[in-house]
Number of protein chains: 2
Amino acid sequence: MPTYKAPVDDTLFLLTDVFNIDRYNNLPGFADASSDVVEAILGEAAKFAEHVLTPLNRVGDVEGCTRHPDGRVTTPTGFKAAYKQLCDGGWLGISAPAEFGGQGLPATITAIVNEYLVSANMGFSMYPGLVQGAVAAILVHANDELKKTYLPKMIEGVWAGTMNLTEPHCGTDLGQLRTKAVPQADGSYKITGTKIFISGGEQDLTENIIHLVLARIEGAPAGTRGISLFLVPKVFVKPDGALGERNGVSCGSIEEKMGIHGNSTCVMNYDGAVGWLIGEQHRGLNAMFTMMNEARLGVGIQGLAMSEVAYQNAAIYAKERLQGRALTGPKFPDKAADPIIVHPDIRRSLLTMRAFNEAARALVMWTALKGDVAHRSGDAKERQAADDHMGLLTPVVKGVLTDGGFNNAVAAQQVFGGHGYIAEHGMEQFVRDARIAQIYEGANGIQALDLVGRKLPKDGGRALNAFFSEVRGFIKEHAADEAMKPYVGPLGTAVGHMQQATVWFVQNAIKAPDNAGAGAMDYMHMFGLVALGYMWCKMVVAARARIAAGSDAGDRMKTKLVTGRFFMERMLPETGAHLARIQAGAASTMELPADAF
Amino acid sequence: MPTYKAPVDDTLFLLTDVFNIDRYNNLPGFADASSDVVEAILGEAAKFAEHVLTPLNRVGDVEGCTRHPDGRVTTPTGFKAAYKQLCDGGWLGISAPAEFGGQGLPATITAIVNEYLVSANMGFSMYPGLVQGAVAAILVHANDELKKTYLPKMIEGVWAGTMNLTEPHCGTDLGQLRTKAVPQADGSYKITGTKIFISGGEQDLTENIIHLVLARIEGAPAGTRGISLFLVPKVFVKPDGALGERNGVSCGSIEEKMGIHGNSTCVMNYDGAVGWLIGEQHRGLNAMFTMMNEARLGVGIQGLAMSEVAYQNAAIYAKERLQGRALTGPKFPDKAADPIIVHPDIRRSLLTMRAFNEAARALVMWTALKGDVAHRSGDAKERQAADDHMGLLTPVVKGVLTDGGFNNAVAAQQVFGGHGYIAEHGMEQFVRDARIAQIYEGANGIQALDLVGRKLPKDGGRALNAFFSEVRGFIKEHAADEAMKPYVGPLGTAVGHMQQATVWFVQNAIKAPDNAGAGAMDYMHMFGLVALGYMWCKMVVAARARIAAGSDAGDRMKTKLVTGRFFMERMLPETGAHLARIQAGAASTMELPADAF
């Protein structure tokens, strides 16, 4: 059975030493998040993740969810009690506004806690994850009555939320969606259509489920400009707040899928279900877009979280499994064999995961903090810069962290040899669970296209220029420091590759957009490497400061210096191959007629 | 439901145009394999794979195998009838010696047929695959009586075979194995112990199962030099060839695993089971080694086969699924959207799979032909050169083709978006099935170590020098041809990287073997890219000749030229990143103490 220990120390190192969270104390909510408070919160979150959710992870995979003939859905044994604990602990509302019952803390704290929950039990964690997404959409776009009616119960956790976008014939291309909404005399709408892949569409954890549904109002324009967003409760809410009749929405079936079996993935049938408009008519896609950064950051966190828990278990196994001898001679001659961690290829694999995890955690925190600044700062310029960062980095975080998360789950499984293929060790579940994060919330190819086609050129490249300027500034600042050369040297080369690739797009892709499309995935991963490399450099500076100050965490800090060097020497050089592929252009990619495939 | 069409045309192109199989007509069995005969055999194999095995693939995944309380194991519905068809068609004995009932054709033909069977149904194909492996071991090492008793029925298919190596505490490191063999007065042995991960260890397809078992004779030396190989039939064979009593071997349980559910993976309990020695006492590992090249080539073929079938289904879906518009404007303005094959990133993904598949098929055939030469040539020098090739290329074929096979199955699944995660489309089964090939028959990290630690330095580097010399010779031969420059130019760069890496190992790894271990995986993949690149160059030469001759397969040949260019521009440049990682050495990889992980 896999184990999990939440990386609280590493989180705190990032919050205090690397990102100095205290400097945001002028923002609403941050002053309440003092080191002591944050440490206490993370400690409690860790306990909940380790002791309540981790033991339910395999149960969720084995049992899955069951749809009964009457449309009810039962979640795996133990999920209901755990969900109640989650609500009782107030975990759903950490960052929600106090006026609706939340604690108003920075969203960064929620992002951190979510990493722990996902590592412990990804299938379970999606239920509260979807609630948080629905809450965010309602907060920004719904009218006061809807907010007052629905938010307190959702933030408390007794009602859940879902997102209904996909239909059988369209996912990415929502302009094709057919679910229709017919206006009623009382201002409500009747919604009819079929939605698929609805996570938590039906379950037995909460008294009510608040569905957010994209649909087309009768007579609306075709395409994406005719889509509206509706709030459709599973059970009607009476004026006094009590629950009334069932609405015309039901779960038609549960999908049989590769993983995340603990989460019910439903086909939802809307049959004249009553819904209320959220935001403006025909502007539903815009309403979705405003919460997309948070949602995609959340999926990126899933990639990191799966990589972290997979790494932890692979590291434990590598220290225990006795097999073969070190290339340099036996290290434990009294034992039947050496533990496999003596083998360079096992270490290469473990360090690849670890160097990714620690930098990915930093990248998530950096981006989440920018999200808080974008929402909470009183300074318009600061808000804009933070929003630029969010827009630019979000597809990178989503695409790169989920690809890395899956690859690392596979690598961790490989450390177990044949035992990794056997279900009882749990490593193959991590692989199956991690896989979905590359697909949903915009498949990673779409993230790459969003980055290259939309985010790079936006506002004349303002966001990208700010990124380059920050990284270049950092390199310059530390260039003369001998101890930093093994870090900033390779970072300089990598950011140079990225700048060359950017120039190549400007010169070659504006008139021939297929050149951008063919290089988009490479650019996204190159950007990810540069961003992770920059995170490593910042962590190394902080670790060196701690060592110089004689910290009692000295060994952990020295490990950071070595892991960072591994990243620079072994992982960052991939930017050169990405550049070569980008500069190859789209010719051979686009030349063949479709029927040649 | 996934479909499959065996790539017979591509196989025949390789056999005739690229490798000119006729030139081997002086070898036993080859003259019988005229183009007509081979084409007929492949056509029949294709039919069997497409119409009998493909429809059973999902059945096998969903039903899996069942162990009954009495130890019997039932395979999925339809497997038994399909296995009978396989036997009736004589497929098990294509390349087996005529004196034991086989057809004596080149092993290359078996390798080709196996690709088709695995693509159609990997779980099923492992049953005959294991029989072929056991037959090979018995043929080379067993005495005449054992051969006469067991081979004809195994080659006919009415008896199956298995390999029993792994024990709970040891897989890679067989020196630790504990299963013991006690000599009996009649020359037989009594075998006692537990073996795990035994594919086809028990099943209901055949009347008898012939287990090949590694065990330690009482009093044998410790370590790998004290292991012997035994033949242990499930049911005793009477002197007249009829089946008698059950032997003391039984299936204790079936493993719950990630994929290949159609194959029964058994824990086998040997409880004083009677067995007969194969080969010499204490030389069991050597007996296994002589058949390891064929077994590993077979696993490499599994990687190719899964990549091929995954590609085919992704290509079909990409041409059918309407979603979004081409970056250069609508291609099918009358439809709701363009098929996703208009998108450069989808094509990049499809071409990555396809460029791998076609070159991997060539690499398999090249290596299988060398295997035939090594076994059948009357010329000692030719045999040695072929054997050198087999030894050197086998870990590359196993490691690179199975890593590629898995990655491509994942990429093909990604083309399906959310639908790829749903079981009914079958794409996620390909991913789960393909995963095992990276692990068994020597995990890929072990392949890399075998390559770098054993195969490179062997005989003063004779095998590697022959490889370099052949590739360099080819490049020189075509260097002046303008039309070949886009192919041999990049190949020259890549082989240069590989030579630099080799020199680096010579200079840095002999005294510090961790430098070899830390770079082994990169070297193996770099070697794979160079070998696949060389295959592409050979295919391009053959395709150009066909085009020049006005072949009616002209379009297919032109597609080869484009796909080859894609490989050279987009996939081969990765050798540079591999070289950088190798030259980084082992320092950061080995520096941390084990408890830092």
# chains A, B, ... in the order shown; residues from 1 in each chain; ligands from 1
>>> interface_residues(of="chain B", to="chain A", cutoff="6 Å", atoms="only C-alpha atoms", output="MDAnalysis selection string")
chainID B and resid 173 256:258 315 323:324 344:345 348 417 421:423 439 517:518 562 566 569:570 573:574 577 581 584 588:589 597
>>> residues_around(residues="Asn57 of chain A", least_positions_apart="2", cutoff="10 Å", atoms="only C-alpha atoms", output="NGL selection string")
:A and (1-2 or 52-55 or 59-62 or 76 or 79 or 118-124 or 260-262 or 426 or 429-430)
>>> residues_around(residues="Leu86 of chain A", least_positions_apart="2", cutoff="12 Å", atoms="only C-alpha atoms", output="JSON list (two decimals) with C-alpha atoms, in the first residue's frame")
[["chain", "number", "residue", "atom", "x", "y", "z"],
["A", 44, "GLU", "CA", -3.85, 20.07, 9.93],
["A", 45, "ALA", "CA", -4.22, 19.67, 6.16],
["A", 47, "LYS", "CA", -2.89, 15.16, 8.90],
["A", 48, "PHE", "CA", -6.21, 15.03, 7.08],
["A", 49, "ALA", "CA", -4.52, 14.08, 3.80],
["A", 52, "VAL", "CA", -8.01, 10.20, 6.31],
["A", 53, "LEU", "CA", -7.61, 10.42, 2.52],
["A", 79, "PHE", "CA", -15.84, 8.79, 1.06],
["A", 80, "LYS", "CA", -18.98, 10.16, 2.69],
["A", 81, "ALA", "CA", -17.49, 10.25, 6.17],
["A", 82, "ALA", "CA", -14.28, 11.79, 4.84],
["A", 83, "TYR", "CA", -16.24, 14.43, 2.97],
["A", 84, "LYS", "CA", -18.07, 15.33, 6.15],
["A", 88, "ASP", "CA", -16.41, 20.20, 9.29],
["A", 89, "GLY", "CA", -12.79, 21.29, 9.06],
["A", 90, "GLY", "CA", -13.84, 24.27, 6.96],
["A", 91, "TRP", "CA", -11.46, 23.23, 4.18],
["A", 92, "LEU", "CA", -13.76, 24.23, 1.34],
["A", 93, "GLY", "CA", -13.91, 27.84, 2.43],
["A", 94, "ILE", "CA", -10.30, 28.70, 3.35],
["A", 113, "VAL", "CA", -3.73, 22.41, 0.58],
["A", 114, "ASN", "CA", -5.09, 21.09, -2.71],
["A", 117, "LEU", "CA", -5.37, 16.42, -0.94],
["A", 124, "PHE", "CA", -11.72, 12.19, -3.80],
["A", 125, "SER", "CA", -10.10, 15.59, -4.12],
["A", 127, "TYR", "CA", -15.28, 16.64, -5.46],
["A", 128, "PRO", "CA", -14.19, 19.66, -3.39],
["A", 129, "GLY", "CA", -12.11, 20.92, -6.34],
["A", 155, "ILE", "CA", -18.73, 27.04, 0.95],
["A", 156, "GLU", "CA", -19.88, 25.13, 4.01],
["A", 157, "GLY", "CA", -19.74, 22.01, 1.85],
["A", 158, "VAL", "CA", -23.21, 20.63, 2.33],
["A", 205, "LEU", "CA", -21.81, 13.13, -0.45],
["A", 206, "THR", "CA", -23.96, 16.25, -0.35]]
>>> atom_distance(atom1="atom CA of Met498 of chain B", atom2="atom CA of Lys398 of chain B")
18.8 Å
>>> residues_around(residues="segment 135-137 of chain A", least_positions_apart="2", cutoff="9 Å", atoms="only C-alpha atoms", output="list in words")
Ala96, Leu130, Val131, Gln132, Gly133, Leu139, Val140, His141, Ala142, Lys147, Tyr150, Leu151, Met154, Ile155, Gly161, Leu212, Ile278, Ala287, Met288, Thr290, Met291 and Glu294 of chain A
>>> write_last_selection(atoms="C-alpha atoms", output="CSV table (one decimal), in the first residue's frame")
chain,number,residue,atom,x,y,z
A,96,ALA,CA,-13.7,32.1,0.2
A,130,LEU,CA,-15.2,21.2,-8.5
A,131,VAL,CA,-17.1,23.0,-5.7
A,132,GLN,CA,-14.3,25.6,-5.5
A,133,GLY,CA,-14.5,26.1,-9.2
A,139,LEU,CA,-18.9,34.8,-7.0
A,140,VAL,CA,-17.7,36.7,-10.1
A,141,HIS,CA,-20.7,36.5,-12.4
A,142,ALA,CA,-24.0,35.7,-10.6
A,147,LYS,CA,-25.0,34.3,-4.5
A,150,TYR,CA,-26.2,29.2,-3.0
A,151,LEU,CA,-22.8,30.3,-1.9
A,154,MET,CA,-21.5,25.4,-1.1
A,155,ILE,CA,-18.7,27.0,0.9
A,161,GLY,CA,-21.0,22.1,-7.6
A,212,LEU,CA,-23.2,25.2,-13.9
A,278,ILE,CA,-25.2,33.6,-14.6
A,287,ALA,CA,-17.8,33.8,-17.7
A,288,MET,CA,-16.0,30.4,-18.0
A,290,THR,CA,-12.5,34.3,-16.1
A,291,MET,CA,-12.3,31.3,-13.9
A,294,GLU,CA,-7.7,29.1,-11.5
>>> atom_distance(atom1="atom CA of Lys538 of chain A", atom2="atom CA of Val299 of chain A")
24.0 Å
>>> residues_around(residues="Val249 of chain B", least_positions_apart="5", cutoff="6 Å", atoms="only C-alpha atoms", output="list in words")
Asn269, Tyr270 and Ala273 of chain B
>>> write_last_selection(atoms="all heavy atoms", output="PDB file, in the first residue's frame")
ATOM      1  N   ASN B 269       3.287 -22.450  -7.521  1.00  0.00           N
ATOM      2  CA  ASN B 269       3.869 -23.162  -6.375  1.00  0.00           C
ATOM      3  C   ASN B 269       4.401 -24.520  -6.810  1.00  0.00           C
ATOM      4  O   ASN B 269       3.658 -25.342  -7.346  1.00  0.00           O
ATOM      5  CB  ASN B 269       2.796 -23.350  -5.298  1.00  0.00           C
ATOM      6  CG  ASN B 269       2.328 -22.014  -4.750  1.00  0.00           C
ATOM      7  OD1 ASN B 269       3.120 -21.073  -4.599  1.00  0.00           O
ATOM      8  ND2 ASN B 269       1.034 -21.906  -4.480  1.00  0.00           N
ATOM      9  N   TYR B 270       5.688 -24.730  -6.582  1.00  0.00           N
ATOM     10  CA  TYR B 270       6.330 -26.013  -6.876  1.00  0.00           C
ATOM     11  C   TYR B 270       6.516 -26.731  -5.553  1.00  0.00           C
ATOM     12  O   TYR B 270       7.205 -26.230  -4.663  1.00  0.00           O
ATOM     13  CB  TYR B 270       7.659 -25.802  -7.587  1.00  0.00           C
ATOM     14  CG  TYR B 270       7.445 -25.269  -8.984  1.00  0.00           C
ATOM     15  CD1 TYR B 270       7.266 -23.904  -9.210  1.00  0.00           C
ATOM     16  CD2 TYR B 270       7.373 -26.131 -10.071  1.00  0.00           C
ATOM     17  CE1 TYR B 270       7.022 -23.417 -10.487  1.00  0.00           C
ATOM     18  CE2 TYR B 270       7.132 -25.657 -11.348  1.00  0.00           C
ATOM     19  CZ  TYR B 270       6.960 -24.302 -11.556  1.00  0.00           C
ATOM     20  OH  TYR B 270       6.708 -23.837 -12.819  1.00  0.00           O
ATOM     21  N   ALA B 273       7.770 -30.906  -7.149  1.00  0.00           N
ATOM     22  CA  ALA B 273       7.426 -31.246  -8.530  1.00  0.00           C
ATOM     23  C   ALA B 273       8.620 -31.909  -9.206  1.00  0.00           C
ATOM     24  O   ALA B 273       9.766 -31.495  -9.006  1.00  0.00           O
ATOM     25  CB  ALA B 273       7.017 -29.989  -9.290  1.00  0.00           C
TER      26      ALA B 273
END
>>> select_by_dssp(residues="segment 101-225 of chain A", states="strand (DSSP E or B)", output="MDAnalysis selection string")
chainID A and resid 159:164 167 170 180:183 189:199 208:217
>>> atom_distance(atom1="atom CA of Ser95 of chain B", atom2="atom CA of Ala111 of chain B")
9.6 Å
>>> select_by_dssp(residues="segment 29-266 of chain A", states="helix (DSSP H, G or I)", output="ChimeraX atom specification")
/A:35-63,79-88,91-93,98-100,107-120,122-141,144-156,174-176,223-226
>>> residues_around(residues="Gly300 of chain A", least_positions_apart="5", cutoff="9 Å", atoms="only C-alpha atoms", output="PyMOL selection string")
chain A and resi 295+305+360+364+394-402+405+437-438
>>> residues_around(residues="segment 487-491 of chain A", least_positions_apart="2", cutoff="10 Å", atoms="only C-alpha atoms", output="MDAnalysis selection string")
chainID A and resid 471:472 474:485 493:497 529:534 536:538 540:541 561 564:569 572:573
